[in-house]
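Data block below; observations after.
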Amino acid sequence: ILGIVLLVFQIGIEKVAQRTWFLYYELTFYTICVLWLCLVLLACNHSALLVVAKTFEFVLKLLLSVFAIAMEYAWHFAVNDYRTQQTVMQNNVLYVSWLALLLLIIAFSGLDALYIALWIKGYLGFLLAVALIAHTWVISKNDENDVFEFAGTTVSLVSLAVSALQFLLLFVIKQTILSLLKKEKIISVKSSPYIRWVNDTDKNREDQNEER
């Protein structure tokens, strides 16, 4: 149900998307999502979540999410100045939806720190993939006036945001598939072997210590 509602809100219905009652429902839904995701993060095993948060993949997904949101923010408010064109409610919906997306990425990336069933991990992966595809499609169709010049180079903010979301989608699909295949195994943390180089002097010293 949450996935269907999220998809409807992401795609929107042109005739009702700008109406006040729809914006209130949208803001309420995203607020509930933010509160629920905060509870999910609080329910995680904090030690395990800290270990997962130190992995390269977790940091990369977080950076891609922040970069995509930053490009959207620059497109909306720095280039097009939508802050004056839109109502306060529309701006609040935009802010809360970005926060919900960021928390959803963090919660999904830290699923190894939660004691939940396998089908829930698969469902959350499917939900996040649908949300990313819908969000990418929405910002792709509204790419007017998204170009600015930087150091003599023309940069498209929407293209940068879409590229970051597409990379993020690949990581989400990968994590979902690995979660279903490896079942109870942790997929976020990789164990690296420890190599210690010992020369002849060190080896002889260790042998002498063992003989004593």
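Labeling convention for the structure tokens: chains A, B, ... as they appear, residues from 1 per chain, ligands from 1 in order of appearance.
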**OP:** Give me the residues within 10 Å of Thr28 of chain A as a ChimeraX atom specification, counting only C-alpha atoms and dropping any in the same chain fewer than 5 places off.
**Re:** /A:22-23,33-34,93,96
Original post:
In segment 28-117 of chain A, what's helix (DSSP H, G or I) per DSSP? Answer as a PyMOL selection string?
Top reply: chain A and resi 28-42+46-53+56-79+82-85+88-109+111-113
Once you count only C-alpha atoms, what closest atom pair and distance in Å to one decimal does each residue of segment 77-188 of chain A within 9 Å of segment 38-62 of chain A have, with rows by chain and rising residue number, as a Markdown table?
```
| residue | atom | partner | partner_atom | distance |
| --- | --- | --- | --- | --- |
| A:Leu102 | CA | A:Leu62 | CA | 7.7 |
| A:Leu103 | CA | A:Cys38 | CA | 7.6 |
| A:Ile105 | CA | A:Leu62 | CA | 7.2 |
| A:Ile106 | CA | A:Leu62 | CA | 7.0 |
| A:Ala107 | CA | A:Leu41 | CA | 6.2 |
| A:Ser109 | CA | A:Phe58 | CA | 6.1 |
| A:Gly110 | CA | A:Leu49 | CA | 6.0 |
| A:Leu111 | CA | A:Cys44 | CA | 8.2 |
| A:Asp112 | CA | A:Ala48 | CA | 7.5 |
| A:Ala113 | CA | A:Ala48 | CA | 5.1 |
| A:Leu114 | CA | A:Cys44 | CA | 5.0 |
| A:Tyr115 | CA | A:Cys44 | CA | 7.9 |
| A:Phe167 | CA | A:Lys61 | CA | 8.6 |
| A:Leu168 | CA | A:Lys61 | CA | 6.1 |
| A:Phe171 | CA | A:Lys61 | CA | 7.5 |
| A:Val172 | CA | A:Lys61 | CA | 8.8 |
| A:Ser188 | CA | A:Val52 | CA | 6.2 |
```
Residues from last step as file, all heavy atoms, as a short mmCIF file (atom, residue, chain, number, x, y, z; two decimals), in the first residue's frame:
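Here's the written file again.cif:
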```
data_model
loop_
_atom_site.label_atom_id
_atom_site.label_comp_id
_atom_site.auth_asym_id
_atom_site.auth_seq_id
_atom_site.Cartn_x
_atom_site.Cartn_y
_atom_site.Cartn_z
N LEU A 102 16.14 10.29 1.46
CA LEU A 102 17.45 10.10 2.08
C LEU A 102 17.39 9.08 3.21
O LEU A 102 18.25 8.18 3.31
CB LEU A 102 17.96 11.44 2.60
CG LEU A 102 19.38 11.44 3.19
CD1 LEU A 102 20.40 11.03 2.15
CD2 LEU A 102 19.71 12.82 3.74
N LEU A 103 16.37 9.17 4.06
CA LEU A 103 16.23 8.21 5.16
C LEU A 103 15.93 6.81 4.65
O LEU A 103 16.38 5.81 5.24
CB LEU A 103 15.12 8.67 6.11
CG LEU A 103 15.43 9.90 6.96
CD1 LEU A 103 14.21 10.30 7.78
CD2 LEU A 103 16.61 9.63 7.88
N ILE A 105 17.04 5.54 1.85
CA ILE A 105 18.32 5.00 1.38
C ILE A 105 19.16 4.52 2.56
O ILE A 105 19.75 3.43 2.52
CB ILE A 105 19.08 6.08 0.58
CG1 ILE A 105 18.34 6.43 -0.71
CG2 ILE A 105 20.49 5.60 0.26
CD1 ILE A 105 18.25 5.32 -1.71
N ILE A 106 19.21 5.31 3.63
CA ILE A 106 20.00 4.93 4.80
C ILE A 106 19.44 3.67 5.45
O ILE A 106 20.18 2.75 5.81
CB ILE A 106 20.03 6.09 5.82
CG1 ILE A 106 20.76 7.29 5.22
CG2 ILE A 106 20.70 5.66 7.12
CD1 ILE A 106 20.73 8.53 6.10
N ALA A 107 18.11 3.62 5.61
CA ALA A 107 17.48 2.45 6.23
C ALA A 107 17.69 1.20 5.39
O ALA A 107 17.99 0.11 5.92
CB ALA A 107 15.99 2.71 6.45
N SER A 109 20.12 0.65 3.22
CA SER A 109 21.54 0.29 3.22
C SER A 109 21.95 -0.41 4.51
O SER A 109 22.90 -1.18 4.53
CB SER A 109 22.40 1.54 3.01
OG SER A 109 22.08 2.17 1.79
N GLY A 110 21.23 -0.12 5.61
CA GLY A 110 21.54 -0.74 6.89
C GLY A 110 20.64 -1.90 7.26
O GLY A 110 20.47 -2.20 8.45
N LEU A 111 20.05 -2.56 6.28
CA LEU A 111 19.14 -3.67 6.58
C LEU A 111 19.82 -4.84 7.28
O LEU A 111 19.17 -5.60 7.99
CB LEU A 111 18.49 -4.18 5.28
CG LEU A 111 17.35 -3.33 4.70
CD1 LEU A 111 16.77 -3.99 3.47
CD2 LEU A 111 16.27 -3.11 5.74
N ASP A 112 21.14 -4.98 7.09
CA ASP A 112 21.86 -6.06 7.76
C ASP A 112 21.88 -5.87 9.27
O ASP A 112 22.17 -6.82 10.01
CB ASP A 112 23.29 -6.15 7.24
CG ASP A 112 23.36 -6.76 5.85
OD1 ASP A 112 22.47 -7.57 5.53
OD2 ASP A 112 24.27 -6.42 5.07
N ALA A 113 21.58 -4.66 9.72
CA ALA A 113 21.56 -4.39 11.16
C ALA A 113 20.16 -4.58 11.76
O ALA A 113 19.94 -4.29 12.93
CB ALA A 113 22.03 -2.97 11.44
N LEU A 114 19.23 -5.09 10.94
CA LEU A 114 17.86 -5.32 11.41
C LEU A 114 17.54 -6.80 11.38
O LEU A 114 17.92 -7.52 10.45
CB LEU A 114 16.86 -4.57 10.53
CG LEU A 114 16.60 -3.09 10.83
CD1 LEU A 114 15.73 -2.50 9.73
CD2 LEU A 114 15.93 -2.92 12.18
N TYR A 115 16.83 -7.26 12.40
CA TYR A 115 16.39 -8.67 12.45
C TYR A 115 14.99 -8.74 11.83
O TYR A 115 13.97 -8.63 12.52
CB TYR A 115 16.38 -9.16 13.89
CG TYR A 115 15.99 -10.61 14.03
CD1 TYR A 115 16.83 -11.61 13.55
CD2 TYR A 115 14.79 -10.99 14.62
CE1 TYR A 115 16.49 -12.94 13.66
CE2 TYR A 115 14.43 -12.31 14.74
CZ TYR A 115 15.28 -13.28 14.26
OH TYR A 115 14.93 -14.60 14.36
N PHE A 167 22.84 5.45 -10.86
CA PHE A 167 23.88 4.69 -10.17
C PHE A 167 23.34 4.14 -8.84
O PHE A 167 23.62 2.99 -8.47
CB PHE A 167 25.11 5.57 -9.91
CG PHE A 167 26.03 5.66 -11.08
CD1 PHE A 167 26.19 6.87 -11.76
CD2 PHE A 167 26.75 4.56 -11.51
CE1 PHE A 167 27.04 6.96 -12.84
CE2 PHE A 167 27.61 4.64 -12.60
CZ PHE A 167 27.76 5.86 -13.26
N LEU A 168 22.59 4.95 -8.14
CA LEU A 168 22.00 4.53 -6.87
C LEU A 168 21.04 3.37 -7.08
O LEU A 168 21.00 2.42 -6.28
CB LEU A 168 21.28 5.71 -6.23
CG LEU A 168 20.78 5.55 -4.79
CD1 LEU A 168 21.94 5.24 -3.86
CD2 LEU A 168 20.08 6.82 -4.35
N PHE A 171 22.92 0.05 -7.35
CA PHE A 171 23.34 -0.46 -6.05
C PHE A 171 22.15 -1.07 -5.29
O PHE A 171 22.30 -2.08 -4.61
CB PHE A 171 23.97 0.65 -5.23
CG PHE A 171 25.38 0.96 -5.60
CD1 PHE A 171 25.70 2.15 -6.24
CD2 PHE A 171 26.41 0.07 -5.33
CE1 PHE A 171 27.01 2.44 -6.60
CE2 PHE A 171 27.72 0.35 -5.67
CZ PHE A 171 28.03 1.54 -6.31
N VAL A 172 20.98 -0.46 -5.41
CA VAL A 172 19.79 -0.98 -4.74
C VAL A 172 19.39 -2.33 -5.31
O VAL A 172 19.08 -3.28 -4.57
CB VAL A 172 18.63 0.02 -4.85
CG1 VAL A 172 17.31 -0.60 -4.38
CG2 VAL A 172 18.93 1.27 -4.04
N SER A 188 26.63 -6.59 3.37
CA SER A 188 27.21 -5.24 3.39
C SER A 188 28.66 -5.24 3.84
O SER A 188 29.45 -4.41 3.39
CB SER A 188 26.40 -4.33 4.32
OG SER A 188 25.06 -4.24 3.89
#
```
**OP:** Please run DSSP on the backbone and report, as a list in words, all residues within segment 44-189 of chain A that come out as strand (DSSP E or B).
**Re:** Val147, Phe148, Glu149, Phe150, Thr153, Thr154, Val155 and Ser156 of chain A
**OP:** Considering only C-alpha atoms, state which residue in the set A:Met89, A:Leu170, A:Leu157, A:Leu35 is at the smallest distance from Leu104 of chain A.
**Re:** A:Leu35
Original post:
Which residues come within 12 Å of Ala68 of chain A, counting only C-alpha atoms, excluding same-chain residues fewer than 5 positions away, as a list of chain:residue names?
Top reply: A:Lys61, A:Leu62, A:Leu63, A:Tyr73, A:Ala74, A:Trp75, A:Trp98, A:Leu101, A:Leu102, A:Leu132, A:His135, A:Thr136, A:Ile139, A:Leu157, A:Val158, A:Ser159, A:Leu160, A:Ala161, A:Val162, A:Ser163, A:Ala164, A:Leu165, A:Gln166, A:Phe167, A:Leu168
**OP:** Would you work out the distance separating atom CA of Leu94 of chain A from atom CA of Lys121 of chain A, expressed in Å to one decimal?
**Re:**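 Between atom CA of Leu94 of chain A and atom CA of Lys121 of chain A the gap works out to 26.9 Å.
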Original post:
Between atom CA of Trp119 of chain A and atom CA of Leu180 of chain A, what is the distance, to one decimal in Å?
Top reply: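 Computed distance, atom CA of Trp119 of chain A to atom CA of Leu180 of chain A, equals 8.0 Å.
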**OP:** Just give me the gap between atom CA of Lys185 of chain A and atom CA of Ala117 of chain A in Å, one decimal is fine.
**Re:**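 Answer for the atom CA of Lys185 of chain A to atom CA of Ala117 of chain A separation: 12.4 Å.
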